[in-house]
Structure formats: C-alpha cells, structure tokens
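Heads up, the thing below is written out as structure tokens.
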Amino acid sequence: MTITTYELSHLDQLEAESVHIFREVAAEFERPCLLFSGGKDSIVMLHLAQKAFWPARLPFPMMHVDTGHNFPEVLDYRDRRIEETGARLVVASVQQAIDDGRVTEETGPRASRNRLQTTTLLDAIEEHRFDALFGGARRDEEKARAKERVYSFRDDFGQWDPKNQRPELWNLYNGCLNQGEHIRVFPISNWTELDIWQYIQRENIEIPSVYFAHQRPVFSRDNMWLSESPYVTRSDQEEVETRMVRYRTVGDMSCTGAVESEAQTIEEIIEEVSTTRITERGATRADDRVSEAAMEDRKKEGYF
C-alpha cells in the first residue's frame with residue numbers, strides 16, 4: 001500500500017491562510033474595503049485577494065489615503081494596477097482635509113503629513129460606512145504591529161486599545177460589531193519581509209521601480225537618506241548627493257528613507273534582505289523615531 005503525503009511549502013501555507021481570511025471577511029461583513037498604497041505589502045494583498053475570488057472581480061473597493069507627497073513612480077503604478085484590475089478606487093485626500101480645515105499642516109524642516117492620514121482615514125471610513133478594512137501590516141515590521149490580532153477591533157471613534165483585543169483560537173475570528181465600530185483585518189500578519197519578497201518572486205508580481213537600486217538625488221538626515229523633493233525643507237548643512245539607493249518601504253516622501261544598495265533584481269533583494277540585521281521600518285521611517293512608542297500612539301488614535 002502506498003501512502004501519499006501532501007505537504008505545503010511555507011509560502012503555500014501563508015497564501016492559504018490569507019486567502020481564507022479574505023473569503024471569511026467577504027462573507028461576514030457588509031462593506032469591506034482593501035487599503036492600497038502601491039507598496040509591496042499591499043501589492044501582495046491585492047494579488048492574494050484576486051486569487052481568493054478569481055475569476056470574479058474583487059467584491060469590495062480599494063482605498064488609498066493619499067498624502068499628496070507620494071513617490072511619483074508609486075502613483076503611476078497604483079493607477080495602472082487599478083485600471084488592470086477594474087476595481088473601484090476610493091482616494092481619501094489629506095490635501096482635501098487640509099483645505100477643509102479638518103487637519104492643520106505641520107511646518108518647519110521636519111514637517112510631515114504622515115500623521116494627518118489618521119483623520120483622513122477615519123473620515124473616509126465614516127463617509128463610506130466601511131465595517132472592515134484590509135491592511136497590509138505584518139507582525140515583524142514593528143512591535144506595536146506585533147500586538148495586533150488578525151481581526152483588530154476599533155471602537156466607534158476608530159481608536160485601538162491594545163488591552164482590548166479579542167482572543168483568536170486557530171482560525172476562529174470574532175467579527176461582532178455594534179453600530180459605528182469597525183474591524184481592521186490583517187491577512188498577512190504572519191508573513192515576514194523575506195516571505196513577501198519570496199512570494200513576489202514566485203508569483204512574478206510587478207512592483208514599482210523605487211524598490212530596485214537606482215541613482216537618486218538624496219540627502220542625509222539622522223543617518224537616513226531622504227529624497228530631494230519639493231515636499232522636504234533642507235537645512236543649509238544638508239547637501240544633496242547622488243547615491244545608489246533603493247526603498248524597503250514606501251510612504252510619504254517627507255519621512256520615508258532609502259537605503260544604499262546595489263540590488264537591481266528580485267533575487268538580489270532577497271539576498272540583501274536575508275542578510276540584513278536592520279528592520280525595514282527601523283532603517284527607513286523617520287516617523288517611527290519620534291519616540292519609543294510612536295507607532296503605538298498613532299495606532300491608538302486610529303492610524304493603520
């Protein structure tokens with residue numbers, strides 16, 4: 001008698017879990033939405049969502065909280081992918097929130113619109129009455145994100161209380177909500193940065209060019225290479241240089257740093273990520289360096 005063994009690779013197991021979560025949320029909630037920034041994590045999320053419902057179209061819209069200070073390469077990629085998928089895109093504009101007096105723009109050389117995204121995001125959730133939002137956070141990114149469950153409960157003010165989390169046994173999730181509350185859902189919580197790159201390689205997924213090493217005008221601030229752009233005010237001591245860099249994460253240009261790199265292919269990026277001892281957010285996000293608990297403080301207010 002021949003015994004047939006059936007084994008999944010670790011990427012197959014991660015994919016299966018994520019697809020299950022997408023289908024579970026689509027069946028359980030009335031108005032879900034997929035947050036999409038054009039970054040590698042949300043790109044993988046979109047790919048997984050398409051697999052979950054193929055050959056049908058996505059049964060929910062996508063939303064980009066646009067700071068107005070994005071990398072042009074990423075916006076071009078976002079618009080192209082939206083056209084290819086035929087999905088409905090909701091753009092929640094921070095600039096519009098500033099113009100409407102909902103938020104006040106920071107000033108000075110270290111001004112950033114990153115934190116202003118919270119109000120814009122919560123306004124959009126209320127306007128469109130979304131009850132579940134898929135986000136691309138991973139537990140290996142940052143310690144506050146490591147505290148998140150797959151279903152992360154938010155109260156009727158959109159706030160997160162890390163001490164008020166629902167137990168999750170195996171793949172059983174609690175999506176019970178009162179009016180005004182919503183759930184943030186993280187289908188790739190159990191993925192690592194290396195898993196993301198290996199999956200992008202395996203599935204041959206297109207990504208924005210900023211992720212590959214390229215010559216770029218940058219300047220050094222707090223041991224981080226920031227892009228020269230009209231959105232950042234430099235001091236007299238901060239001189240622009242042309243360096244070979246790439247981005248490990250993408251976001252608002254005013255607070256997203258590049259790393260020096262020669263990796264121009266997915267294979268070279270995987271090799272680079274496999275050997276680095278520095279986390280992607282620790283190396284590249286100025287907004288996480290404001291304080292020891294900067295991310296957790298933002299999340300409590302309603303941030304991603």
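Letters for chains follow the order of the structure tokens (A, B, ...), residue numbers begin at 1 for each chain, and ligand numbers begin at 1 in the order shown.
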
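All residues of stretch 107-178 of chain A that DSSP, run on the backbone, classes as helix (DSSP H, G or I) are Gln117, Thr118, Thr119, Thr120, Leu121, Leu122, Asp123, Ala124, Ile125, Glu126, Glu127, His128, Lys143, Ala144, Arg145 and Ala146 of chain A.
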
* Name all residues at most 8 Å from A:Ser18 (count only C-alpha atoms; drop same-chain ones fewer than 2 positions away) and give them as a list of chain:residue names. => A:Leu14, A:Glu15, A:Ala16, A:His20, A:Ile21, A:Phe22, A:Leu48, A:Pro187, A:Ile188

What does the file look like for those residues with N, CA and C atoms, as a PDB file, in the first residue's frame?
ATOM      1  N   LEU A  14       1.139  30.139   4.016  1.00  0.00           N
ATOM      2  CA  LEU A  14       0.825  31.552   4.253  1.00  0.00           C
ATOM      3  C   LEU A  14      -0.253  32.029   3.274  1.00  0.00           C
ATOM      4  N   GLU A  15      -0.117  31.632   2.012  1.00  0.00           N
ATOM      5  CA  GLU A  15      -1.097  32.024   0.998  1.00  0.00           C
ATOM      6  C   GLU A  15      -2.486  31.482   1.351  1.00  0.00           C
ATOM      7  N   ALA A  16      -2.533  30.206   1.746  1.00  0.00           N
ATOM      8  CA  ALA A  16      -3.828  29.587   2.067  1.00  0.00           C
ATOM      9  C   ALA A  16      -4.495  30.298   3.247  1.00  0.00           C
ATOM     10  N   HIS A  20      -8.027  32.394   2.954  1.00  0.00           N
ATOM     11  CA  HIS A  20      -9.137  32.065   3.872  1.00  0.00           C
ATOM     12  C   HIS A  20      -9.660  33.319   4.568  1.00  0.00           C
ATOM     13  N   ILE A  21      -8.758  34.182   5.029  1.00  0.00           N
ATOM     14  CA  ILE A  21      -9.170  35.409   5.736  1.00  0.00           C
ATOM     15  C   ILE A  21      -9.938  36.334   4.790  1.00  0.00           C
ATOM     16  N   PHE A  22      -9.465  36.497   3.563  1.00  0.00           N
ATOM     17  CA  PHE A  22     -10.186  37.347   2.604  1.00  0.00           C
ATOM     18  C   PHE A  22     -11.605  36.823   2.388  1.00  0.00           C
ATOM     19  N   LEU A  48      -3.309  38.406  -3.524  1.00  0.00           N
ATOM     20  CA  LEU A  48      -3.990  37.363  -2.751  1.00  0.00           C
ATOM     21  C   LEU A  48      -5.508  37.507  -2.854  1.00  0.00           C
ATOM     22  N   PRO A 187      -4.540  40.188   6.792  1.00  0.00           N
ATOM     23  CA  PRO A 187      -4.367  38.824   6.265  1.00  0.00           C
ATOM     24  C   PRO A 187      -2.914  38.365   6.177  1.00  0.00           C
ATOM     25  N   ILE A 188      -1.946  39.311   6.175  1.00  0.00           N
ATOM     26  CA  ILE A 188      -0.541  38.888   6.070  1.00  0.00           C
ATOM     27  C   ILE A 188       0.201  39.147   7.380  1.00  0.00           C
TER      28      ILE A 188
END

Sorted per-residue table, stretch 134-177 of chain A near stretch 241-257 of chain A, closest atoms and distance, 12 Å, only C-alpha atoms, as a tab-separated table:
residue	atom	partner	partner_atom	distance
A:Gly136	CA	A:Thr249	CA	11.8
A:Ala137	CA	A:Thr249	CA	11.7
A:Glu141	CA	A:Thr249	CA	10.4

Near A:Trp225, counting only C-alpha atoms, which residues have an atom at most 6 Å away, once you skip same-chain residues fewer than 2 positions from it, shown as an mmCIF file with all heavy atoms, in the first residue's frame?
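This went into out_35.cif:
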data_model
loop_
_atom_site.group_PDB
_atom_site.id
_atom_site.type_symbol
_atom_site.label_atom_id
_atom_site.label_comp_id
_atom_site.auth_asym_id
_atom_site.auth_seq_id
_atom_site.Cartn_x
_atom_site.Cartn_y
_atom_site.Cartn_z
ATOM 1 N N VAL A 218 19.678 62.472 -3.099
ATOM 2 C CA VAL A 218 19.236 62.288 -1.719
ATOM 3 C C VAL A 218 20.097 63.151 -0.807
ATOM 4 O O VAL A 218 21.151 63.661 -1.206
ATOM 5 C CB VAL A 218 19.344 60.807 -1.283
ATOM 6 C CG1 VAL A 218 18.364 59.933 -2.054
ATOM 7 C CG2 VAL A 218 20.769 60.290 -1.470
ATOM 8 N N PHE A 219 19.643 63.314 0.428
ATOM 9 C CA PHE A 219 20.472 63.984 1.438
ATOM 10 C C PHE A 219 20.340 63.229 2.750
ATOM 11 O O PHE A 219 19.344 62.538 2.988
ATOM 12 C CB PHE A 219 20.075 65.461 1.593
ATOM 13 C CG PHE A 219 18.680 65.662 2.126
ATOM 14 C CD1 PHE A 219 18.456 65.839 3.480
ATOM 15 C CD2 PHE A 219 17.591 65.677 1.263
ATOM 16 C CE1 PHE A 219 17.169 66.029 3.966
ATOM 17 C CE2 PHE A 219 16.301 65.846 1.744
ATOM 18 C CZ PHE A 219 16.091 66.026 3.091
ATOM 19 N N SER A 220 21.348 63.350 3.588
ATOM 20 C CA SER A 220 21.393 62.585 4.832
ATOM 21 C C SER A 220 20.783 63.387 5.976
ATOM 22 O O SER A 220 21.101 64.564 6.171
ATOM 23 C CB SER A 220 22.846 62.226 5.167
ATOM 24 O OG SER A 220 22.904 61.531 6.390
ATOM 25 N N GLY A 257 12.772 56.948 4.193
ATOM 26 C CA GLY A 257 14.166 56.971 3.814
ATOM 27 C C GLY A 257 14.545 55.820 2.902
ATOM 28 O O GLY A 257 13.890 54.784 2.874
ATOM 29 N N ALA A 258 15.628 56.033 2.143
ATOM 30 C CA ALA A 258 16.162 54.985 1.265
ATOM 31 C C ALA A 258 17.364 54.339 1.945
ATOM 32 O O ALA A 258 17.914 54.872 2.904
ATOM 33 C CB ALA A 258 16.579 55.606 -0.067
#

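Using only C-alpha atoms, the shortest contact distance between A:Val19 and any of A:Thr120, A:Gln95, A:Asn223, A:Gln50 is found at A:Gln50.
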